[in-house]
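Printed here is my_file.cif (mmCIF, C-alpha atoms and all ligand atoms):
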data_entry
#
loop_
_atom_site.label_atom_id
_atom_site.label_comp_id
_atom_site.auth_asym_id
_atom_site.auth_seq_id
_atom_site.Cartn_x
_atom_site.Cartn_y
_atom_site.Cartn_z
CA MET W 185 39.54 69.86 -105.66
CA LYS W 186 39.88 66.78 -107.84
CA PHE W 187 39.51 66.97 -111.61
CA SER W 188 38.43 64.72 -114.44
CA ALA W 189 39.88 65.30 -117.92
CA ASN W 190 37.15 65.62 -120.51
CA LEU W 191 38.68 63.76 -123.45
CA GLY W 192 36.06 65.11 -125.83
CA PHE W 193 38.05 68.37 -125.70
CA LEU W 194 41.44 67.49 -124.16
CA TRP W 195 44.13 65.57 -126.09
CA THR W 196 41.87 65.20 -129.09
CA ASP W 197 45.02 64.81 -131.23
CA ARG W 198 45.38 61.21 -130.05
CA ALA W 199 43.38 58.01 -129.81
CA LEU W 200 41.26 57.67 -126.68
CA PRO W 201 43.53 55.09 -124.95
CA ASP W 202 46.52 57.42 -125.42
CA ALA W 203 44.47 60.40 -124.22
CA ILE W 204 43.65 58.42 -121.05
CA ARG W 205 47.37 57.84 -120.48
CA ALA W 206 48.10 61.54 -121.07
CA ALA W 207 45.47 62.50 -118.48
CA LYS W 208 47.10 60.18 -115.95
CA ALA W 209 50.55 61.64 -116.65
CA ALA W 210 49.15 65.16 -116.20
CA GLY W 211 47.77 64.33 -112.74
CA PHE W 212 44.02 64.05 -113.39
CA GLU W 213 42.11 61.75 -111.04
CA ALA W 214 39.51 60.61 -113.57
CA VAL W 215 38.50 60.93 -117.22
CA GLU W 216 35.23 61.37 -119.09
CA CYS W 217 34.46 61.50 -122.77
CA HIS W 218 31.84 62.53 -125.29
CA TRP W 219 31.26 59.89 -127.98
CA PRO W 220 33.80 57.04 -127.66
CA TYR W 221 32.15 54.72 -130.17
CA ASP W 222 34.88 54.81 -132.83
CA HIS W 223 37.45 53.65 -130.29
CA ASP W 224 37.92 49.96 -129.59
CA VAL W 225 36.21 49.28 -126.29
CA ASP W 226 38.79 46.72 -125.15
CA ALA W 227 41.67 49.14 -125.78
CA VAL W 228 39.84 51.83 -123.80
CA ALA W 229 39.07 49.44 -120.93
CA SER W 230 42.68 48.31 -120.91
CA ALA W 231 44.02 51.90 -120.74
CA LEU W 232 41.66 52.60 -117.84
CA ARG W 233 42.85 49.51 -115.97
CA GLN W 234 46.49 50.32 -116.69
CA THR W 235 46.22 53.91 -115.45
CA GLY W 236 43.75 53.20 -112.64
CA LEU W 237 41.64 56.17 -113.76
CA PRO W 238 37.86 55.79 -113.61
CA MET W 239 35.83 56.86 -116.65
CA LEU W 240 33.07 59.00 -115.17
CA GLY W 241 30.77 59.48 -118.12
CA LEU W 242 30.01 59.22 -121.83
CA ASN W 243 27.21 60.51 -124.06
CA THR W 244 24.57 58.79 -126.12
CA ARG W 245 25.10 59.23 -129.86
CA ARG W 246 23.87 62.46 -131.41
CA GLY W 247 22.05 60.82 -134.32
CA GLN W 248 22.21 61.96 -137.95
CA PRO W 249 24.57 64.80 -139.00
CA GLY W 250 23.21 68.05 -137.58
CA GLU W 251 21.35 66.35 -134.74
CA ASN W 252 22.30 66.64 -131.07
CA GLY W 253 20.68 63.63 -129.48
CA LEU W 254 17.48 61.70 -130.06
CA SER W 255 15.71 61.19 -126.76
CA ALA W 256 13.29 64.13 -126.93
CA LEU W 257 12.36 63.57 -130.57
CA PRO W 258 8.78 62.28 -130.91
CA GLY W 259 8.61 59.34 -133.34
CA ARG W 260 12.33 58.50 -132.94
CA GLU W 261 11.95 56.33 -129.83
CA ASP W 262 13.43 53.18 -131.38
CA GLU W 263 16.60 55.01 -132.43
CA ALA W 264 16.82 56.81 -129.09
CA ARG W 265 16.58 53.56 -127.17
CA ALA W 266 19.13 51.88 -129.44
CA ALA W 267 21.50 54.78 -128.67
CA ILE W 268 20.81 54.38 -124.94
CA ASP W 269 21.44 50.61 -125.14
CA GLU W 270 24.68 51.20 -127.06
CA ALA W 271 25.89 53.79 -124.53
CA LEU W 272 25.04 51.56 -121.56
CA ALA W 273 26.84 48.61 -123.17
CA TYR W 274 29.97 50.72 -123.75
CA ALA W 275 29.70 52.04 -120.18
CA LYS W 276 29.42 48.51 -118.81
CA ALA W 277 32.46 47.29 -120.77
CA THR W 278 34.55 50.23 -119.53
CA ASP W 279 33.05 50.40 -116.01
CA THR W 280 31.92 53.95 -116.75
CA GLY W 281 29.75 55.38 -113.98
CA ALA W 282 27.31 57.57 -115.89
CA VAL W 283 25.62 57.97 -119.27
CA HIS W 284 24.50 61.40 -120.45
CA VAL W 285 21.28 60.92 -122.42
CA MET W 286 21.20 63.65 -125.05
CA ALA W 287 17.79 65.20 -125.69
CA GLY W 288 18.18 66.71 -129.16
CA PHE W 289 16.65 69.67 -130.97
CA ALA W 290 12.95 69.74 -130.12
CA GLN W 291 10.35 71.85 -128.31
CA GLY W 292 6.93 71.45 -126.78
CA ALA W 293 4.79 69.04 -124.82
CA ASP W 294 5.34 66.01 -127.06
CA ALA W 295 9.10 66.44 -126.82
CA HIS W 296 8.84 66.71 -123.05
CA ALA W 297 6.74 63.53 -122.78
CA THR W 298 9.07 61.66 -125.16
CA PHE W 299 12.17 62.70 -123.21
CA ALA W 300 10.58 61.69 -119.88
CA GLU W 301 9.64 58.24 -121.25
CA ASN W 302 13.06 57.63 -122.77
CA LEU W 303 14.71 58.70 -119.50
CA ARG W 304 12.52 56.21 -117.61
CA TYR W 305 13.70 53.56 -120.05
CA ALA W 306 17.37 54.55 -119.62
CA CYS W 307 17.14 54.60 -115.83
CA GLY W 308 15.50 51.18 -115.83
CA GLN W 309 18.23 49.68 -118.04
CA ALA W 310 21.18 51.32 -116.29
CA GLU W 311 22.03 48.51 -113.83
CA GLY W 312 23.23 50.84 -111.09
CA ARG W 313 24.77 53.46 -113.37
CA THR W 314 23.74 57.11 -113.20
CA ILE W 315 21.77 58.67 -116.04
CA LEU W 316 22.63 62.34 -116.55
CA ILE W 317 20.75 65.14 -118.27
CA GLU W 318 22.53 68.38 -119.14
CA PRO W 319 21.04 71.79 -119.92
CA LEU W 320 22.96 73.31 -122.86
CA ASN W 321 23.15 77.04 -123.61
CA GLY W 322 21.29 78.57 -126.54
CA TYR W 323 24.38 80.12 -128.15
CA ASP W 324 26.14 76.80 -128.75
CA ALA W 325 23.05 74.63 -129.10
CA PRO W 326 20.13 76.76 -130.28
CA GLY W 327 16.90 74.78 -130.25
CA TYR W 328 18.20 72.12 -127.85
CA PHE W 329 15.35 70.77 -125.75
CA LEU W 330 16.98 71.15 -122.32
CA ASN W 331 18.28 74.65 -121.53
CA ARG W 332 17.76 75.40 -117.86
CA THR W 333 18.58 73.74 -114.57
CA THR W 334 15.04 74.53 -113.39
CA GLN W 335 13.65 72.53 -116.35
CA ALA W 336 16.04 69.65 -115.59
CA ALA W 337 15.11 69.63 -111.89
CA ALA W 338 11.40 69.42 -112.76
CA LEU W 339 12.06 66.53 -115.16
CA ILE W 340 14.10 64.66 -112.55
CA GLU W 341 11.24 65.04 -110.10
CA GLU W 342 8.66 63.96 -112.67
CA VAL W 343 10.58 60.86 -113.82
CA GLY W 344 11.22 59.96 -110.18
CA ALA W 345 14.08 57.52 -110.77
CA PRO W 346 16.76 57.44 -108.05
CA ASN W 347 19.59 57.20 -110.61
CA LEU W 348 18.55 60.22 -112.73
CA ARG W 349 20.78 63.21 -112.01
CA LEU W 350 21.71 66.66 -113.30
CA MET W 351 24.96 67.33 -115.14
CA PHE W 352 25.67 70.84 -113.87
CA ASP W 353 28.00 72.38 -116.44
CA CYS W 354 28.97 75.77 -114.97
CA TYR W 355 29.78 77.06 -118.48
CA HIS W 356 26.25 76.44 -119.77
CA VAL W 357 24.57 77.52 -116.52
CA GLN W 358 26.40 80.85 -116.37
CA LEU W 359 25.52 81.63 -120.01
CA THR W 360 21.84 80.78 -119.59
CA GLU W 361 20.85 81.43 -115.99
CA GLY W 362 23.78 82.86 -113.98
CA ASP W 363 23.77 82.74 -110.17
CA VAL W 364 26.03 79.67 -110.36
CA ALA W 365 27.07 79.45 -106.69
CA ARG W 366 23.52 79.65 -105.36
CA ARG W 367 22.27 77.15 -107.95
CA LEU W 368 25.03 74.68 -107.03
CA GLU W 369 23.97 74.90 -103.40
CA LYS W 370 20.24 74.61 -104.10
CA LEU W 371 20.54 71.79 -106.64
CA LEU W 372 23.28 69.83 -104.84
CA PRO W 373 21.08 66.78 -104.03
CA LEU W 374 20.19 66.43 -107.73
CA ILE W 375 23.70 66.91 -109.14
CA GLY W 376 25.46 63.84 -110.51
CA HIS W 377 28.43 65.57 -112.13
CA ILE W 378 29.89 69.07 -112.42
CA GLN W 379 31.82 70.46 -115.39
CA VAL W 380 33.77 73.71 -115.78
CA ALA W 381 35.24 76.06 -118.39
CA SER W 382 35.75 79.79 -118.63
CA ILE W 383 32.93 82.01 -119.87
CA PRO W 384 32.42 83.07 -122.61
CA ASP W 385 35.38 81.53 -124.44
CA ARG W 386 35.12 77.96 -123.05
CA GLY W 387 38.82 78.00 -122.16
CA THR W 388 40.71 77.02 -119.01
CA PRO W 389 38.73 77.64 -115.79
CA ASP W 390 40.96 80.45 -114.55
CA HIS W 391 39.66 83.57 -116.31
CA GLY W 392 36.49 85.10 -117.73
CA GLU W 393 33.24 86.19 -116.15
CA LEU W 394 32.90 83.37 -113.60
CA ASN W 395 35.28 83.56 -110.61
CA TYR W 396 36.38 79.93 -110.29
CA PRO W 397 38.49 80.39 -107.12
CA HIS W 398 35.20 81.36 -105.47
CA ILE W 399 33.38 78.36 -107.01
CA TRP W 400 36.10 75.98 -105.65
CA GLN W 401 35.49 77.47 -102.19
CA VAL W 402 31.73 77.02 -102.53
CA LEU W 403 32.12 73.40 -103.63
CA ASP W 404 34.54 72.74 -100.78
CA ARG W 405 32.06 74.19 -98.29
CA LEU W 406 29.28 72.06 -99.80
CA GLY W 407 31.44 68.95 -99.32
CA TRP W 408 31.78 68.16 -103.03
CA ASP W 409 34.64 65.64 -103.14
CA ARG W 410 34.17 64.02 -106.55
CA PRO W 411 36.27 64.90 -109.60
CA ILE W 412 35.04 67.97 -111.50
CA GLY W 413 34.99 67.69 -115.29
CA ALA W 414 37.54 69.93 -117.02
CA GLU W 415 35.49 70.36 -120.19
CA TYR W 416 37.28 73.25 -121.87
CA LYS W 417 38.78 73.80 -125.31
CA PRO W 418 42.55 74.34 -125.18
CA THR W 419 43.71 76.96 -127.67
CA GLY W 420 46.74 74.81 -128.56
CA ASP W 421 48.55 71.87 -127.02
CA THR W 422 46.60 70.39 -124.09
CA ASP W 423 49.68 69.86 -121.90
CA ALA W 424 50.61 73.51 -122.36
CA SER W 425 47.11 74.54 -121.23
CA LEU W 426 47.33 72.90 -117.81
CA ARG W 427 48.87 75.70 -115.72
CA TRP W 428 45.42 76.35 -114.19
CA LEU W 429 45.41 72.83 -112.71
CA SER W 430 48.51 73.29 -110.57
CA ALA W 431 47.20 76.66 -109.39
CA VAL W 432 43.92 75.27 -107.90
O1 LIG W 501 28.67 70.29 -124.45
C1 LIG W 501 28.73 69.88 -123.29
O2 LIG W 501 28.76 70.65 -122.34
C2 LIG W 501 28.78 68.47 -122.99
O3 LIG W 501 28.95 68.11 -121.84
C3 LIG W 501 28.61 67.48 -124.07
O4 LIG W 501 28.91 66.23 -123.57
C4 LIG W 501 27.22 67.44 -124.61
O5 LIG W 501 27.06 68.26 -125.67
MG MG W 502 29.14 69.79 -120.45
#

Please, can you express the file's structure as structure tokens?
Amino acid sequence: MKFSANLGFLWTDRALPDAIRAAKAAGFEAVECHWPYDHDVDAVASALRQTGLPMLGLNTRRGQPGENGLSALPGREDEARAAIDEALAYAKATDTGAVHVMAGFAQGADAHATFAENLRYACGQAEGRTILIEPLNGYDAPGYFLNRTTQAAALIEEVGAPNLRLMFDCYHVQLTEGDVARRLEKLLPLIGHIQVASIPDRGTPDHGELNYPHIWQVLDRLGWDRPIGAEYKPTGDTDASLRWLSAV
């Protein structure tokens, strides 16, 4: 298995370029982030070049304080598309492969139609990059528009863009739907990126209710050879949390 360090949670005590260097030193094969916009794009691009690590993904901005994305919010299309443009520009400057378009807190048919239209826009502007959508669990993100992989799969089919893919975060999927191994297998053709953390504490992927040694075997059997996002919250120093990595 290859792993990508999620720098939204790992090495958050340092600036993004230094976190990229720390990920390289720790043996990760890639990095990904959440919202890199406060970090100078040239410094980030330079750290990526220097380390040779690819940046796999970044998120669109969440919006105003208390919001969690804009793309499913009816009436907020201009802001949502500005956030998509900003994310794609940052991705282009850092050669980042994917942009996660965040839906936001919304429900109902109008939210669904708004999200689908904004995703069409994002896919059309992406210039070869992947656009990701990620179901989030209702404990951490109550009221978030996208909760289930089944809902995401239907949206991907409806939008019909070849570069729209599912971010399959095993942590969220286990909390909301369970049956992670079977869902990975069934949804494989739609999956653009996989993330992991223990359940329910969102710690290192080596304990808790999901048996990750089994998940690694499943992914190996399915031929998954891309880096898996280590998107967990270390309880202390990130370097001290990495014992799980050498044990995989
Ligand atoms: O929370 C997650 O899981 C993520 O991947 C974030 O990027 C989006 O909230
Ligand atoms: Mg995630």

Please, which residues in chain W fall within 8 Å of ligand LIG 501 (chain W) when counting only C-alpha atoms and all ligand atoms, and what is the closest atom pair and distance in Å to one decimal for each, ordered by chain then residue number, as a Markdown table?
| residue | atom | partner | partner_atom | distance |
| --- | --- | --- | --- | --- |
| W:Gly192 | CA | W:LIG501 | O4 | 7.6 |
| W:Cys217 | CA | W:LIG501 | O4 | 7.3 |
| W:His218 | CA | W:LIG501 | O4 | 5.0 |
| W:Leu242 | CA | W:LIG501 | O4 | 7.3 |
| W:Asn243 | CA | W:LIG501 | O4 | 6.0 |
| W:Asn252 | CA | W:LIG501 | O5 | 7.4 |
| W:His284 | CA | W:LIG501 | O4 | 7.2 |
| W:Met286 | CA | W:LIG501 | C4 | 7.1 |
| W:Glu318 | CA | W:LIG501 | O3 | 7.0 |
| W:Leu320 | CA | W:LIG501 | O2 | 6.4 |
| W:Met351 | CA | W:LIG501 | O3 | 7.8 |
| W:Asp353 | CA | W:LIG501 | O2 | 6.2 |
| W:Tyr355 | CA | W:LIG501 | O2 | 7.6 |
| W:His356 | CA | W:LIG501 | O2 | 6.8 |
| W:Gln379 | CA | W:LIG501 | O3 | 7.4 |
| W:Glu415 | CA | W:LIG501 | O2 | 7.1 |

- Task: Tell me which protein, DNA and RNA residues are within 7 Å of range 232-241 of chain W, counting only C-alpha atoms, leaving out same-chain ones fewer than 5 positions away, and put them as a list in words.
- Result: Ile204, Arg205, Lys208, Glu213, Ala214, Val215, Glu216, Cys217, Thr280, Gly281, Ala282, Val283 and His284 of chain W

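CA of Asn331 in chain W is positioned 20.3 Å from CA of Ala414 in chain W.
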
- Note on the structure: Min atom-atom distance to ligand MG 502 (chain W) from the set W:Trp428, W:Tyr274, W:Tyr416, W:Trp195, counting only C-alpha atoms and all ligand atoms, belongs to W:Tyr416

- Message: Residues near range 384-391 of chain W, anyone? I mean within 8 Å using all atoms listed in the file, not counting same-chain ones fewer than 4 positions away, as a count of residues only.
- Response: 14

- Among listed residues W:Arg366, W:His377, W:Arg265, W:Arg304, nearest ligand MG 502 (chain W) (using only C-alpha atoms and all ligand atoms): W:His377

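For the pair CA of Ala209 in chain W and CA of Phe193 in chain W, the separation is 16.8 Å.
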
- Item | Residue nearest Leu394 in chain W - candidates W:Ala229, W:Ala365, W:Leu429, W:Ala277, atoms counted: all atoms listed in the file | W:Ala365

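For the pair CA of Ile378 in chain W and CA of Gly392 in chain W, the separation is 18.1 Å.
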
- Message: Using only C-alpha atoms for the distances, tell me which of W:Val285, W:Ala206, W:Gln335, W:Leu372 is nearest to Leu348 in chain W.
- Response: W:Val285

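Nearest residue to Thr244 in chain W, choosing from W:Ala297, W:Leu257, W:Ala267, W:Ala287 and counting all atoms listed in the file: W:Ala267.
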
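If only C-alpha atoms are the atoms counted, then among W:Ala207, W:Leu303, W:Ala325, W:Val364 the closest residue to Ile340 in chain W is W:Leu303.
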
- Message: Quick one: residues within 8 Å of Pro326 in chain W, only C-alpha atoms, excluding same-chain residues fewer than 4 positions away - as a ChimeraX atom specification?
- Response: /W:289,321-322
